[in-house]
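One file, data_4.txt, carrying compact mmCIF, C-alpha atoms:
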```txt
# COMPACT_ATOMS: atom_id res chain seq x y z
CA MET A 3 36.15 34.44 9.36
CA SER A 4 36.20 33.77 5.62
CA GLU A 5 35.68 30.05 6.26
CA PHE A 6 32.55 30.94 8.24
CA TRP A 7 31.10 32.75 5.22
CA LEU A 8 32.19 29.95 2.91
CA TYR A 9 29.93 27.45 4.67
CA VAL A 10 27.09 29.95 5.20
CA LYS A 11 27.19 30.75 1.46
CA LEU A 12 27.32 27.05 0.68
CA GLY A 13 24.16 26.41 2.73
CA PHE A 14 22.54 29.48 1.22
CA GLY A 15 23.39 28.32 -2.29
CA HIS A 16 22.23 24.78 -1.56
CA VAL A 17 18.68 26.04 -1.03
CA LEU A 18 18.67 28.64 -3.78
CA ASP A 19 20.21 26.43 -6.48
CA TRP A 20 17.81 26.65 -9.45
CA LYS A 21 19.30 23.49 -10.96
CA ALA A 22 18.33 21.53 -7.86
CA TYR A 23 15.04 23.24 -7.09
CA ASP A 24 13.61 20.43 -4.98
CA HIS A 25 14.33 22.36 -1.78
CA ILE A 26 12.43 25.39 -3.09
CA LEU A 27 9.47 23.25 -4.16
CA PHE A 28 9.29 21.69 -0.71
CA LEU A 29 9.32 25.10 0.97
CA VAL A 30 6.61 26.37 -1.37
CA VAL A 31 4.20 23.53 -0.59
CA LEU A 32 5.12 23.61 3.09
CA THR A 33 4.18 27.29 3.46
CA VAL A 34 1.68 28.13 0.69
CA GLY A 35 -1.29 27.73 3.03
CA TYR A 36 -0.06 30.30 5.53
CA THR A 37 -0.05 34.08 5.83
CA PHE A 38 2.15 36.60 7.62
CA ASP A 39 -0.10 36.16 10.68
CA ASN A 40 1.22 32.61 10.99
CA TRP A 41 4.89 33.64 11.16
CA LYS A 42 5.60 31.70 14.38
CA ARG A 43 4.21 28.47 12.92
CA ILE A 44 6.09 29.00 9.65
CA LEU A 45 9.35 29.70 11.48
CA ALA A 46 8.84 26.52 13.54
CA LEU A 47 8.22 24.44 10.39
CA VAL A 48 11.24 25.83 8.57
CA THR A 49 13.50 25.50 11.62
CA LEU A 50 12.39 21.91 12.22
CA PHE A 51 13.16 21.16 8.58
CA THR A 52 16.63 22.69 9.00
CA LEU A 53 17.14 20.73 12.23
CA GLY A 54 16.28 17.46 10.50
CA HIS A 55 18.49 18.40 7.57
CA THR A 56 21.42 19.18 9.87
CA ILE A 57 21.00 16.04 12.00
CA SER A 58 21.04 13.69 9.02
CA LEU A 59 23.92 15.58 7.42
CA PHE A 60 25.87 15.31 10.68
CA LEU A 61 25.14 11.58 11.03
CA ALA A 62 26.06 10.88 7.41
CA VAL A 63 29.25 12.96 7.43
CA TYR A 64 30.47 11.18 10.57
CA GLY A 65 29.57 7.77 9.12
CA VAL A 66 26.85 6.93 11.65
CA ILE A 67 24.36 6.30 8.85
CA SER A 68 24.78 5.49 5.20
CA ILE A 69 21.94 5.25 2.72
CA ASN A 70 21.99 4.51 -0.98
CA SER A 71 22.08 7.86 -2.81
CA ARG A 72 19.62 6.61 -5.46
CA LEU A 73 17.10 5.87 -2.73
CA VAL A 74 17.58 9.33 -1.21
CA GLU A 75 17.20 11.01 -4.63
CA PHE A 76 13.92 9.13 -5.03
CA LEU A 77 12.68 9.92 -1.51
CA ILE A 78 13.26 13.67 -1.80
CA PRO A 79 10.57 14.19 -4.47
CA ILE A 80 8.33 11.79 -2.51
CA THR A 81 8.49 14.19 0.46
CA ILE A 82 7.49 17.06 -1.80
CA LEU A 83 4.66 15.03 -3.32
CA ILE A 84 3.30 14.01 0.09
CA THR A 85 3.34 17.61 1.33
CA ALA A 86 1.62 18.86 -1.84
CA LEU A 87 -1.02 16.13 -1.61
CA PHE A 88 -1.59 17.03 2.05
CA ASN A 89 -2.32 20.58 0.88
CA VAL A 90 -4.71 19.37 -1.81
CA PHE A 91 -6.69 17.23 0.63
CA THR A 92 -6.76 19.85 3.40
CA ALA A 93 -7.21 23.03 1.33
CA LYS A 94 -10.92 23.17 2.14
CA LYS A 95 -10.22 23.49 5.86
CA VAL A 96 -10.21 27.09 7.02
CA SER A 97 -7.79 26.41 9.86
CA LYS A 98 -4.41 24.77 9.40
CA ASN A 99 -4.41 23.81 13.11
CA ASN A 100 -5.90 20.38 12.42
CA GLY A 101 -2.79 18.85 10.92
CA ILE A 102 -0.10 21.02 12.51
CA ASN A 103 1.48 18.29 14.64
CA LEU A 104 1.61 16.08 11.56
CA LEU A 105 3.28 18.94 9.65
CA TYR A 106 5.83 19.52 12.43
CA GLY A 107 6.72 15.82 12.41
CA ALA A 108 6.81 15.74 8.62
CA ALA A 109 9.05 18.84 8.49
CA ILE A 110 11.72 17.26 10.69
CA PHE A 111 11.42 13.84 9.03
CA PHE A 112 11.57 15.30 5.53
CA GLY A 113 14.53 17.44 6.65
CA LEU A 114 16.30 14.22 7.62
CA ILE A 115 15.77 12.85 4.10
CA HIS A 116 16.81 16.07 2.36
CA GLY A 117 19.98 16.29 4.47
CA LEU A 118 21.07 12.85 3.30
CA GLY A 119 20.90 14.09 -0.28
CA PHE A 120 23.71 16.56 0.33
CA SER A 121 25.94 14.54 2.67
CA SER A 122 28.43 13.15 0.14
CA TYR A 123 29.03 16.59 -1.40
CA PHE A 124 29.45 18.18 2.03
CA SER A 125 31.95 15.47 3.02
CA VAL A 126 34.06 16.25 -0.05
CA ILE A 127 34.12 20.02 0.42
CA SER A 128 34.67 19.92 4.17
CA GLY A 129 37.70 17.68 3.71
CA LYS A 130 38.98 14.78 5.75
CA SER A 131 39.62 16.77 8.93
CA GLY A 132 37.75 15.76 12.07
CA ALA A 133 36.49 19.31 12.70
CA LYS A 134 33.20 19.29 10.86
CA VAL A 135 30.76 20.37 13.57
CA LEU A 136 31.34 24.09 13.15
CA PRO A 137 31.15 23.95 9.32
CA LEU A 138 27.91 21.94 9.63
CA LEU A 139 26.41 24.60 11.91
CA GLU A 140 27.56 27.37 9.57
CA PHE A 141 26.05 25.46 6.66
CA ALA A 142 22.78 25.09 8.62
CA LEU A 143 22.74 28.86 9.22
CA GLY A 144 23.04 29.44 5.47
CA ILE A 145 20.20 26.99 4.85
CA GLU A 146 17.98 28.70 7.42
CA LEU A 147 18.64 32.17 5.97
CA ALA A 148 17.88 31.03 2.42
CA GLN A 149 14.73 29.24 3.57
CA ILE A 150 13.50 32.40 5.26
CA ILE A 151 13.99 34.29 1.99
CA ILE A 152 12.03 31.65 0.04
CA VAL A 153 9.26 31.68 2.64
CA MET A 154 9.07 35.47 2.54
CA ILE A 155 8.73 35.36 -1.26
CA VAL A 156 5.96 32.74 -0.97
CA LEU A 157 4.15 34.86 1.63
CA VAL A 158 4.44 38.07 -0.41
CA VAL A 159 3.23 36.36 -3.61
CA SER A 160 0.38 34.71 -1.69
CA PHE A 161 -0.58 38.05 -0.16
CA ILE A 162 -0.62 39.78 -3.56
CA ILE A 163 -2.58 36.97 -5.25
CA GLN A 164 -5.15 36.70 -2.47
CA THR A 165 -5.49 40.39 -1.55
CA PHE A 166 -5.15 42.34 -4.76
CA LEU A 167 -6.23 39.73 -7.29
CA ARG A 168 -8.96 38.44 -4.92
CA PHE A 169 -7.96 34.84 -5.48
CA PRO A 170 -9.55 32.56 -2.85
CA LYS A 171 -7.02 31.02 -0.46
CA ARG A 172 -8.34 27.51 -1.11
CA ASP A 173 -7.91 27.89 -4.87
CA TRP A 174 -4.44 29.38 -4.43
CA ILE A 175 -3.35 26.40 -2.32
CA LEU A 176 -4.87 23.91 -4.77
CA ILE A 177 -3.34 25.48 -7.86
CA THR A 178 0.11 25.99 -6.34
CA SER A 179 0.21 22.47 -4.90
CA SER A 180 -1.01 21.00 -8.20
CA ILE A 181 1.70 22.83 -10.14
CA VAL A 182 4.31 21.47 -7.73
CA ILE A 183 2.88 17.96 -8.12
CA GLY A 184 3.23 18.38 -11.88
CA MET A 185 6.87 19.40 -11.44
CA VAL A 186 7.65 16.56 -9.02
CA ILE A 187 6.28 13.68 -11.11
CA PRO A 188 9.11 13.96 -13.72
CA MET A 189 11.62 14.06 -10.82
CA LEU A 190 10.15 10.82 -9.50
CA ILE A 191 10.34 9.18 -12.91
CA ALA A 192 13.92 10.36 -13.42
CA ASN A 193 14.96 9.02 -10.01
CA LYS A 194 12.92 5.83 -9.96
CA ILE A 195 14.47 2.99 -8.01
CA TRP A 196 12.83 0.07 -9.81
```
Represent the supplied structure as structure tokens.
Amino acid sequence: MSEFWLYVKLGFGHVLDWKAYDHILFLVVLTVGYTFDNWKRILALVTLFTLGHTISLFLAVYGVISINSRLVEFLIPITILITALFNVFTAKKVSKNNGINLLYGAAIFFGLIHGLGFSSYFSVISGKSGAKVLPLLEFALGIELAQIIIVMIVLVVSFIIQTFLRFPKRDWILITSSIVIGMVIPMLIANKIW
């Protein structure tokens, strides 16, 4: 049972690692435009992201795919930038229904990219044994739990800002997404592949 918690904690810590805050930034821009009323849509987005993350981690750990780590480290901030820019260009729209299928697809695709970023570390800690499916699923559970916590924090902060401080939703989305863009640009420069 302790091994179960080891991998759950590892997944949990992977998302909540303040030194590698790219995961948090992605979740912020993915969910900043939503409210508690949209909980089903948010859960679907986060779960699709986890699914993509787990699939690519599984494929990489078992040697089905192998991608240059420098390329992955460059692509991760690109996914955050694209999601933030999507928010900036769609913030005026009252309904988030217009681009939801695009967001669902992006969530799983971006999850695939983010999962590749952790594959080499996971391979080292899970050892050389062939039994990696269960640890991968335990790790995915930890990721999902941590993502739900981040999303809840984003929703609570958004609720406070928009309800009590009377900040317009559009402005909140624009400002938050712009701040994330400002944080991602140095990550892109630091991980440039040219």
For Gly13 (chain A), the nearest of the candidates A:Leu83, A:Leu190, A:Leu147, A:Ile155, counting only C-alpha atoms:
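Result for the nearest residue to Gly13 (chain A): A:Leu147.
Counting all atoms listed in the file, the residue from A:Ser121, A:Thr178, A:Asn193, A:Gln164 that sits nearest to His16 (chain A) is A:Ser121.
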For Asp19 (chain A), the nearest of the candidates A:Val153, A:Met189, A:Ile67, A:Ala148, counting all atoms listed in the file:
A:Ala148
With only C-alpha atoms as the atoms that count, which of A:Ile195, A:Leu157, A:Leu73, A:Leu47 lies nearest to Leu105 (chain A)?
A:Leu47
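In this model, the gap between CA of Phe120 (chain A) and CA of Leu8 (chain A) comes to 16.1 Å.
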My list of candidates is A:Tyr36, A:Phe51, A:Phe6, A:Phe161. Which is closest to Gly113 (chain A) when distances are computed with only C-alpha atoms?
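Residue with the minimum atom-to-atom distance to Gly113 (chain A): A:Phe51.
Minimum distance to Arg72 (chain A) across A:Leu118, A:Val186, A:Ala93, A:Ile57 (counting all atoms listed in the file) occurs at A:Leu118.
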Residues within 10 Å of Leu45 (chain A), all atoms listed in the file, excluding chain neighbours under 2 positions, as a count of residues only:
14
Just the number, please: distance in Å from CA of Leu77 (chain A) to CA of Ile115 (chain A), one decimal.
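So the two atoms, CA of Leu77 (chain A) and CA of Ile115 (chain A), lie 7.0 Å apart.
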Residues near region 24-28 of chain A, anyone? I mean within 8 Å using only C-alpha atoms, not counting same-chain ones fewer than 3 positions away, as a ChimeraX atom specification.
/A:17-18,31-32,78-79,81-82,85,116,152,182
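Between CA of Phe112 (chain A) and CA of Trp174 (chain A) there is a distance of 23.5 Å.
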Calculate, to one decimal in Å, the centre and edge lengths of the box along x, y and z of the file that holds all listed atoms of region 49-59 of chain A with 3 Å of margin on each side, and present them as JSON.
```
{"center_x": 18.2, "center_y": 19.6, "center_z": 9.8, "size_x": 17.5, "size_y": 17.8, "size_z": 10.8}
```
Complete the atom set of region 139-165 of chain A to N, CA and C atoms and return it as a PDB file, in the frame of the given file.
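Output contents, as saved in rebuild.pdb:
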```pdb
ATOM      1  N   LEU A 139      27.279  23.570  11.318  1.00  0.00           N
ATOM      2  CA  LEU A 139      26.410  24.600  11.910  1.00  0.00           C
ATOM      3  C   LEU A 139      26.371  25.858  11.048  1.00  0.00           C
ATOM      4  N   GLU A 140      27.504  26.215  10.473  1.00  0.00           N
ATOM      5  CA  GLU A 140      27.560  27.370   9.570  1.00  0.00           C
ATOM      6  C   GLU A 140      26.724  27.097   8.315  1.00  0.00           C
ATOM      7  N   PHE A 141      26.846  25.887   7.813  1.00  0.00           N
ATOM      8  CA  PHE A 141      26.050  25.460   6.660  1.00  0.00           C
ATOM      9  C   PHE A 141      24.562  25.531   6.987  1.00  0.00           C
ATOM     10  N   ALA A 142      24.188  25.058   8.181  1.00  0.00           N
ATOM     11  CA  ALA A 142      22.780  25.090   8.620  1.00  0.00           C
ATOM     12  C   ALA A 142      22.276  26.527   8.719  1.00  0.00           C
ATOM     13  N   LEU A 143      23.137  27.446   9.153  1.00  0.00           N
ATOM     14  CA  LEU A 143      22.740  28.860   9.220  1.00  0.00           C
ATOM     15  C   LEU A 143      22.440  29.384   7.816  1.00  0.00           C
ATOM     16  N   GLY A 144      23.281  29.034   6.856  1.00  0.00           N
ATOM     17  CA  GLY A 144      23.040  29.440   5.470  1.00  0.00           C
ATOM     18  C   GLY A 144      21.736  28.873   4.937  1.00  0.00           C
ATOM     19  N   ILE A 145      21.456  27.606   5.272  1.00  0.00           N
ATOM     20  CA  ILE A 145      20.200  26.990   4.850  1.00  0.00           C
ATOM     21  C   ILE A 145      19.012  27.742   5.452  1.00  0.00           C
ATOM     22  N   GLU A 146      19.093  28.020   6.739  1.00  0.00           N
ATOM     23  CA  GLU A 146      17.980  28.700   7.420  1.00  0.00           C
ATOM     24  C   GLU A 146      17.735  30.084   6.823  1.00  0.00           C
ATOM     25  N   LEU A 147      18.793  30.838   6.559  1.00  0.00           N
ATOM     26  CA  LEU A 147      18.640  32.170   5.970  1.00  0.00           C
ATOM     27  C   LEU A 147      18.000  32.100   4.582  1.00  0.00           C
ATOM     28  N   ALA A 148      18.447  31.175   3.768  1.00  0.00           N
ATOM     29  CA  ALA A 148      17.880  31.030   2.420  1.00  0.00           C
ATOM     30  C   ALA A 148      16.419  30.587   2.493  1.00  0.00           C
ATOM     31  N   GLN A 149      16.113  29.691   3.423  1.00  0.00           N
ATOM     32  CA  GLN A 149      14.730  29.240   3.570  1.00  0.00           C
ATOM     33  C   GLN A 149      13.818  30.385   3.979  1.00  0.00           C
ATOM     34  N   ILE A 150      14.305  31.247   4.842  1.00  0.00           N
ATOM     35  CA  ILE A 150      13.500  32.400   5.260  1.00  0.00           C
ATOM     36  C   ILE A 150      13.221  33.311   4.070  1.00  0.00           C
ATOM     37  N   ILE A 151      14.202  33.478   3.193  1.00  0.00           N
ATOM     38  CA  ILE A 151      13.990  34.290   1.990  1.00  0.00           C
ATOM     39  C   ILE A 151      12.925  33.660   1.095  1.00  0.00           C
ATOM     40  N   ILE A 152      13.021  32.346   0.870  1.00  0.00           N
ATOM     41  CA  ILE A 152      12.030  31.650   0.040  1.00  0.00           C
ATOM     42  C   ILE A 152      10.640  31.789   0.650  1.00  0.00           C
ATOM     43  N   VAL A 153      10.546  31.582   1.956  1.00  0.00           N
ATOM     44  CA  VAL A 153       9.260  31.680   2.640  1.00  0.00           C
ATOM     45  C   VAL A 153       8.695  33.094   2.529  1.00  0.00           C
ATOM     46  N   MET A 154       9.541  34.085   2.670  1.00  0.00           N
ATOM     47  CA  MET A 154       9.070  35.470   2.540  1.00  0.00           C
ATOM     48  C   MET A 154       8.536  35.728   1.130  1.00  0.00           C
ATOM     49  N   ILE A 155       9.208  35.205   0.121  1.00  0.00           N
ATOM     50  CA  ILE A 155       8.730  35.360  -1.260  1.00  0.00           C
ATOM     51  C   ILE A 155       7.376  34.685  -1.421  1.00  0.00           C
ATOM     52  N   VAL A 156       7.239  33.460  -0.888  1.00  0.00           N
ATOM     53  CA  VAL A 156       5.960  32.740  -0.970  1.00  0.00           C
ATOM     54  C   VAL A 156       4.861  33.547  -0.282  1.00  0.00           C
ATOM     55  N   LEU A 157       5.152  34.091   0.893  1.00  0.00           N
ATOM     56  CA  LEU A 157       4.150  34.860   1.630  1.00  0.00           C
ATOM     57  C   LEU A 157       3.751  36.143   0.898  1.00  0.00           C
ATOM     58  N   VAL A 158       4.738  36.824   0.326  1.00  0.00           N
ATOM     59  CA  VAL A 158       4.440  38.070  -0.410  1.00  0.00           C
ATOM     60  C   VAL A 158       3.599  37.761  -1.655  1.00  0.00           C
ATOM     61  N   VAL A 159       3.994  36.734  -2.415  1.00  0.00           N
ATOM     62  CA  VAL A 159       3.230  36.360  -3.610  1.00  0.00           C
ATOM     63  C   VAL A 159       1.817  35.931  -3.217  1.00  0.00           C
ATOM     64  N   SER A 160       1.703  35.134  -2.159  1.00  0.00           N
ATOM     65  CA  SER A 160       0.380  34.710  -1.690  1.00  0.00           C
ATOM     66  C   SER A 160      -0.475  35.903  -1.285  1.00  0.00           C
ATOM     67  N   PHE A 161       0.139  36.845  -0.591  1.00  0.00           N
ATOM     68  CA  PHE A 161      -0.580  38.050  -0.160  1.00  0.00           C
ATOM     69  C   PHE A 161      -1.092  38.838  -1.368  1.00  0.00           C
ATOM     70  N   ILE A 162      -0.233  39.029  -2.356  1.00  0.00           N
ATOM     71  CA  ILE A 162      -0.620  39.780  -3.560  1.00  0.00           C
ATOM     72  C   ILE A 162      -1.745  39.056  -4.302  1.00  0.00           C
ATOM     73  N   ILE A 163      -1.582  37.758  -4.509  1.00  0.00           N
ATOM     74  CA  ILE A 163      -2.580  36.970  -5.250  1.00  0.00           C
ATOM     75  C   ILE A 163      -3.927  36.983  -4.539  1.00  0.00           C
ATOM     76  N   GLN A 164      -3.897  36.810  -3.221  1.00  0.00           N
ATOM     77  CA  GLN A 164      -5.150  36.700  -2.470  1.00  0.00           C
ATOM     78  C   GLN A 164      -5.771  38.057  -2.152  1.00  0.00           C
ATOM     79  N   THR A 165      -4.965  39.084  -1.945  1.00  0.00           N
ATOM     80  CA  THR A 165      -5.490  40.390  -1.550  1.00  0.00           C
ATOM     81  C   THR A 165      -5.856  41.254  -2.751  1.00  0.00           C
TER      82      THR A 165
END
```
